[in-house]
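Student: The structure under discussion is supplied below as structure tokens; questions concerning it will follow.
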Amino acid sequence: MPIITLLTDFGLQDPYVGVMKGVIYKINPNVKIVDITHGVSKFNVREAAFILAYSYKYFPPGTIHVVVVDPGVGTARKGLIIKTKKYFFVGPDNGVLISAAEENGIQAVYFINTENYKEISYTFHGRDVFAPTAAYLSLGIPPSKLGNPTEKYLPAPYSRPSIVEKGTISGEIIYIDGFGNLVTNIPSNLIWKQEIRYGDLLEVTIRGRRPMKLRLHKAYGETPPGSLLLLINSFNHLEISMNMGNAANALKVKQGEKITVRKVI
Amino acid sequence: MPIITLLTDFGLQDPYVGVMKGVIYKINPNVKIVDITHGVSKFNVREAAFILAYSYKYFPPGTIHVVVVDPGVGTARKGLIIKTKKYFFVGPDNGVLISAAEENGIQAVYFINTENYKEISYTFHGRDVFAPTAAYLSLGIPPSKLGNPTEKYLPAPYSRPSIVEKGTISGEIIYIDGFGNLVTNIPSNLIWKQEIRYGDLLEVTIRGRRPMKLRLHKAYGETPPGSLLLLINSFNHLEISMNMGNAANALKVKQGEKITVRKVI
Amino acid sequence: MPIITLLTDFGLQDPYVGVMKGVIYKINPNVKIVDITHGVSKFNVREAAFILAYSYKYFPPGTIHVVVVDPGVGTARKGLIIKTKKYFFVGPDNGVLISAAEENGIQAVYFINTENYKEISYTFHGRDVFAPTAAYLSLGIPPSKLGNPTEKYLPAPYSRPSIVEKGTISGEIIYIDGFGNLVTNIPSNLIWKQEIRYGDLLEVTIRGRRPMKLRLHKAYGETPPGSLLLLINSFNHLEISMNMGNAANALKVKQGEKITVRKVI
């Protein structure tokens with residue numbers, strides 16, 4: 001039974017996610033639907049791209065990943081199907097799918113052709129375009145029958161970290177999770193390349209505030225409750241955390257703030 | 001595999017929804033359960049009725065829709081099974097099922113007979129009455145074996161818009177979604193009948209405040225970010241929205257407030 | 001098709017729950033996954049233990065219950081598989097599984113052996129240890145192949161009520177649900193043993209505040225909207241509620257506060 005995942009900024013208060021599932025099951029009752037999350041910050045394409053790039057690979061090959069974070073709904077922006085080495089990705093052409101798809105290896109990209117779809121609203125393409133497209137793919141209909149090949153899709157909404165000088169990395173807080181962990185866009189390999197190791201003391205500066213000295217730990221529990229620490233998290237990115245506490249609240253940091261990390265000699 | 005949908009005001013913090021699913025799977029392991037939403041405002045029967053009437057039709061024929069928004073739980077209020085043209089509806093007899101059921105075409109209504117049910121609590125009929133009833137229906141047991149036919153059920157908790165004079169419609173904010181969109185109880189056909197068209201400028205007055213002039217657009221993205229606009233939304237109702245913003249916060253409007261809409265000549 | 005339930009403090013904002021489901025389906029596509037809740041207060045092992053003990057029994061025999069409320073993740077704490085009379089329980093060795101497992105009848109306990117697992121992170125054993133362990137169990141792999149038998153697991157994080165004197169029970173607010181109901185750790189049988197009956201007037205004292213006189217009712221609807229009352233709730237525990245209102249907000253009570261209940265003669 002194929003799997004369709006859903007990743008949106010719809011939240012769970014409204015019936016929008018439930019209705020998308022109804023639409024999918026009406027077309028293909030023999031599919032499993034899994035929610036990745038519907039808690040993406042409203043209209044935040046970059047955050048959704050980051051979460052998708054983290055999550056997609058944990059699902060079985062053949063999974064169809066649907067993302068609806070879509071500030072341009074109802075305008076001229078197109079819808080995409082991307083076929084990668086192991087997965088399908090379906091969503092708006094605003095870059096949200098591209099980080100994940102490029103990592104997995106893009107084989108073909110299609111603009112969704114909605115000519116044969118029922119009446120399409122101007123405000124809810126999750127229901128009227130992306131859910132049915134995913135359902136048709138799950139029935140085995142090839143993407144070439146659902147769209148037209150293209151190479152003119154929008155790029156990933158990247159925010160890349162940079163090496164300011166040897167041992168100093170500049171990045172940003174790309175995501176704050178429900179525990180208040182401050183997830184940076186700095187991947188672990190960039191850390192290791194700067195010859196930073198577990199146990200090292202780092203100077204961390206958030207957006208021109210007073211620098212903090214924090215140690216790079218392996219696990220939350222290596223420090224006393226309430227302590228701030230650095231971790232390589234389960235996204236395999238550098239993260240500022242507070243053991244048994246909420247780092248975002250403690251530091252009053254918001255998504256998107258710039259961060260610099262420097263090894264203390 | 002039959003589908004059972006759940007629509008409640010339980011929220012997702014508590015184990016109540018999970019427990020209802022356990023009860024259903026214990027009776028029928030071969031069923032799909034889909035959450036429409038559990039985010040209905042607590043005890044708000046009208047809101048739940050509105051959401052059900054919007055959502056039910058997107059599910060495959062044969063779907064069993066269970067609604068538990070039930071301020072009268074444990075009192076003498078009865079439980080209902082409604083058989084309509086394409087669906088079953090299960091829930092308390094407080095009107096919450098009626099708008100949807102009438103729209104689909106009521107064929108028969110039954111008061112649930114709980115004589116043969118296990119011990120029934122006074123506080124959680126979602127678990128003790130409605131979940132098992134839906135599970136039995138999904139096994140193919142006819143509703144006539146689960147209840148007694150009746151015509152004495154409570155009516156829909158309707159709030160209908162009215163035409164004040166030609167071109168002036170009076171209604172209310174029936175629902176505020178997670179994006180802060182203000183959904184009115186004014187359906188699009190009432191708009192078109194007043195000869196209002198896309199692009200028209202309308203005078204919108206909320207509960208005696210200063211009137212606003214807003215244009216009826218097709219899509220959020222037709223206006224600059226932060227602009228207020230009118231839309232026919234995916235519920236096919238008139239809605240006040242803010243592109244890339246939150247109209248409810250901006251206007252400080254609450255559910256239930258009265259609204260008047262008038263075409264500006 | 002076997003059922004795996006998930007009970008965590010992850011919330012639903014983040015992709016963590018979705019990723020755990022991906023991991024499970026990758027190992028066993030033929031399983032049903034049910035969320036009990038992901039809304040446990042962060043790091044609150046006692047609350048999770050209470051919710052599990054309430055919820056587990058509503059699921060079909062053979063269900064595999066996974067709990068991840070795990071402040072010690074990445075430290076030396078072990079992972080457990082518990083085989084009981086009717087269920088499996090999987091989670092960290094911090095007592096969270098024990099109340100439920102003991103109630104159902106423990107047959108064997110195993111420390112999970114992760115030698116053959118892929119790289120395990122220091123921060124997300126829900127994904128790297130507990131999800132795969134549950135998935136292997138759901139394939140019929142016996143727990144003796146997934147772990148080593150032990151009797152040295154941590155006890156339940158119990159908080160037991162006590163009888164201060166005949167007719168006076170001392171306990172605590174163990175859980176506050178989404179309706180603001182104040183659930184105590186006082187089970188109904190302790191109430192009945194003190195010869196308290198429905199309709200009785202009780203003196204309720206929360207943490208040394210002014211005592212309140214409240215009546216023990218069967219159903220919320222037996223009192224006027226906005227009234228405080230006592231109930232035996234669907235957990236089969238004593239609860240302070242407000243009909244159509246939120247008792248926690250009205251009384252400004254927090255989880256963990258002590259409570260004394262005394263029959264008024």
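A note on labels: chains of the structure tokens are A, B, ... as shown, every chain counts residues from 1, and ligands are counted from 1 in their shown order.
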Please check the contacts: residues of chain B at most 10 Å away from chain C, using only C-alpha atoms, listed as a ChimeraX atom specification.
Tutor: /B:9-30,32-33,42-43,71-76,120-125,127-128
Student: Just list as number ranges by chain whatever in stretch 66-211 of chain B DSSP marks as helix (DSSP H, G or I).
Tutor: B: 98-104, 125-138, 143-145, 188-193
Student: Taking the DSSP secondary structure from the backbone, can you list the residues of stretch 48-166 of chain C that are strand (DSSP E), as number ranges by chain?
Tutor: C: 64-68, 79-84, 88-92, 106-112, 147-149, 162-165
Student: Limited to C-alpha atoms, could you put the picked residues into a file as a PDB file, in the first residue's frame?
Tutor:
ATOM      1  CA  ILE C  64       2.290  -2.481  20.982  1.00  0.00           C
ATOM      2  CA  HIS C  65       2.287   0.695  23.086  1.00  0.00           C
ATOM      3  CA  VAL C  66       5.282   3.001  22.555  1.00  0.00           C
ATOM      4  CA  VAL C  67       5.921   5.825  25.017  1.00  0.00           C
ATOM      5  CA  VAL C  68       8.615   8.442  24.486  1.00  0.00           C
ATOM      6  CA  GLY C  79      15.307   1.094  26.800  1.00  0.00           C
ATOM      7  CA  LEU C  80      12.639  -1.447  27.782  1.00  0.00           C
ATOM      8  CA  ILE C  81      10.334  -3.968  26.174  1.00  0.00           C
ATOM      9  CA  ILE C  82       7.677  -5.243  28.569  1.00  0.00           C
ATOM     10  CA  LYS C  83       5.497  -8.196  27.688  1.00  0.00           C
ATOM     11  CA  THR C  84       2.267  -8.226  29.665  1.00  0.00           C
ATOM     12  CA  PHE C  88       3.697  -5.041  24.590  1.00  0.00           C
ATOM     13  CA  PHE C  89       5.082  -1.813  26.036  1.00  0.00           C
ATOM     14  CA  VAL C  90       8.176  -0.108  24.617  1.00  0.00           C
ATOM     15  CA  GLY C  91       9.936   2.967  26.005  1.00  0.00           C
ATOM     16  CA  PRO C  92      12.676   4.345  28.225  1.00  0.00           C
ATOM     17  CA  ILE C 106       3.924  -8.237  33.634  1.00  0.00           C
ATOM     18  CA  GLN C 107       5.177 -11.482  32.107  1.00  0.00           C
ATOM     19  CA  ALA C 108       8.721 -10.460  31.121  1.00  0.00           C
ATOM     20  CA  VAL C 109      10.892  -7.353  30.900  1.00  0.00           C
ATOM     21  CA  TYR C 110      13.842  -6.854  28.526  1.00  0.00           C
ATOM     22  CA  PHE C 111      16.533  -4.209  28.151  1.00  0.00           C
ATOM     23  CA  ILE C 112      16.568  -3.355  24.443  1.00  0.00           C
ATOM     24  CA  GLY C 147      16.675  -7.526  24.225  1.00  0.00           C
ATOM     25  CA  ASN C 148      18.022  -9.196  27.331  1.00  0.00           C
ATOM     26  CA  PRO C 149      15.737 -10.247  30.184  1.00  0.00           C
ATOM     27  CA  SER C 162      -3.949   8.310  51.233  1.00  0.00           C
ATOM     28  CA  ILE C 163      -6.712   8.159  53.824  1.00  0.00           C
ATOM     29  CA  VAL C 164      -5.937  10.877  56.378  1.00  0.00           C
ATOM     30  CA  GLU C 165      -8.750   9.716  58.628  1.00  0.00           C
TER      31      GLU C 165
END
Student: Rounded to one decimal, what separation in Å do you get between atom CA of A:Leu146 and atom CA of A:Arg77?
Tutor: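 These two atoms are separated by 16.8 Å.
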Student: So, counting only C-alpha atoms, which residue among B:Glu115, B:Asn185, B:Val96, B:Gly167 is closest to B:Ala48?
Tutor: B:Val96
Student: Applying 9 Å and only C-alpha atoms, which residues near stretch 154-158 of chain B remain after dropping the ones on its own chain fewer than 6 positions away? List them as a ChimeraX atom specification.
Tutor: /B:45-46,49-50,93-99
Student: Generate a file of the selected residues that holds N, CA and C atoms, formatted as a CSV table (one decimal), in the first residue's frame.
Tutor:
chain,number,residue,atom,x,y,z
B,45,VAL,N,-21.6,23.9,19.3
B,45,VAL,CA,-22.4,23.0,18.4
B,45,VAL,C,-22.6,23.6,17.0
B,46,ARG,N,-22.8,24.9,17.0
B,46,ARG,CA,-23.0,25.6,15.7
B,46,ARG,C,-21.8,25.5,14.8
B,49,ALA,N,-21.4,22.0,13.5
B,49,ALA,CA,-22.3,21.8,12.4
B,49,ALA,C,-21.9,22.4,11.1
B,50,PHE,N,-21.3,23.6,11.2
B,50,PHE,CA,-20.8,24.3,10.0
B,50,PHE,C,-19.7,23.5,9.4
B,93,ASP,N,-27.9,14.1,19.9
B,93,ASP,CA,-29.1,14.8,19.3
B,93,ASP,C,-29.2,16.2,19.8
B,94,ASN,N,-28.3,17.0,19.3
B,94,ASN,CA,-28.3,18.5,19.6
B,94,ASN,C,-28.3,19.3,18.4
B,95,GLY,N,-28.6,18.7,17.2
B,95,GLY,CA,-28.7,19.5,16.0
B,95,GLY,C,-27.4,19.5,15.2
B,96,VAL,N,-26.3,19.0,15.8
B,96,VAL,CA,-25.0,19.2,15.1
B,96,VAL,C,-24.9,18.4,13.8
B,97,LEU,N,-25.7,17.3,13.6
B,97,LEU,CA,-25.5,16.5,12.4
B,97,LEU,C,-26.5,17.0,11.3
B,98,ILE,N,-27.4,17.9,11.6
B,98,ILE,CA,-28.6,18.0,10.8
B,98,ILE,C,-28.3,18.8,9.5
B,99,SER,N,-27.5,19.9,9.6
B,99,SER,CA,-27.3,20.7,8.4
B,99,SER,C,-26.7,19.8,7.3
Student: From the options B:Ile196, B:Ala100, B:Val261, B:Leu182, which residue's atoms come nearest to B:Ile169, counting only C-alpha atoms?
Tutor: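 Going through B:Ile196, B:Ala100, B:Val261, B:Leu182 one by one, the smallest distance to B:Ile169 is for B:Val261.
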Student: Ranking A:Ile173, A:Ile141, A:Ile240, A:Leu251 by minimum distance to A:Leu202 and counting only C-alpha atoms, which one comes first?
Tutor: A:Ile240
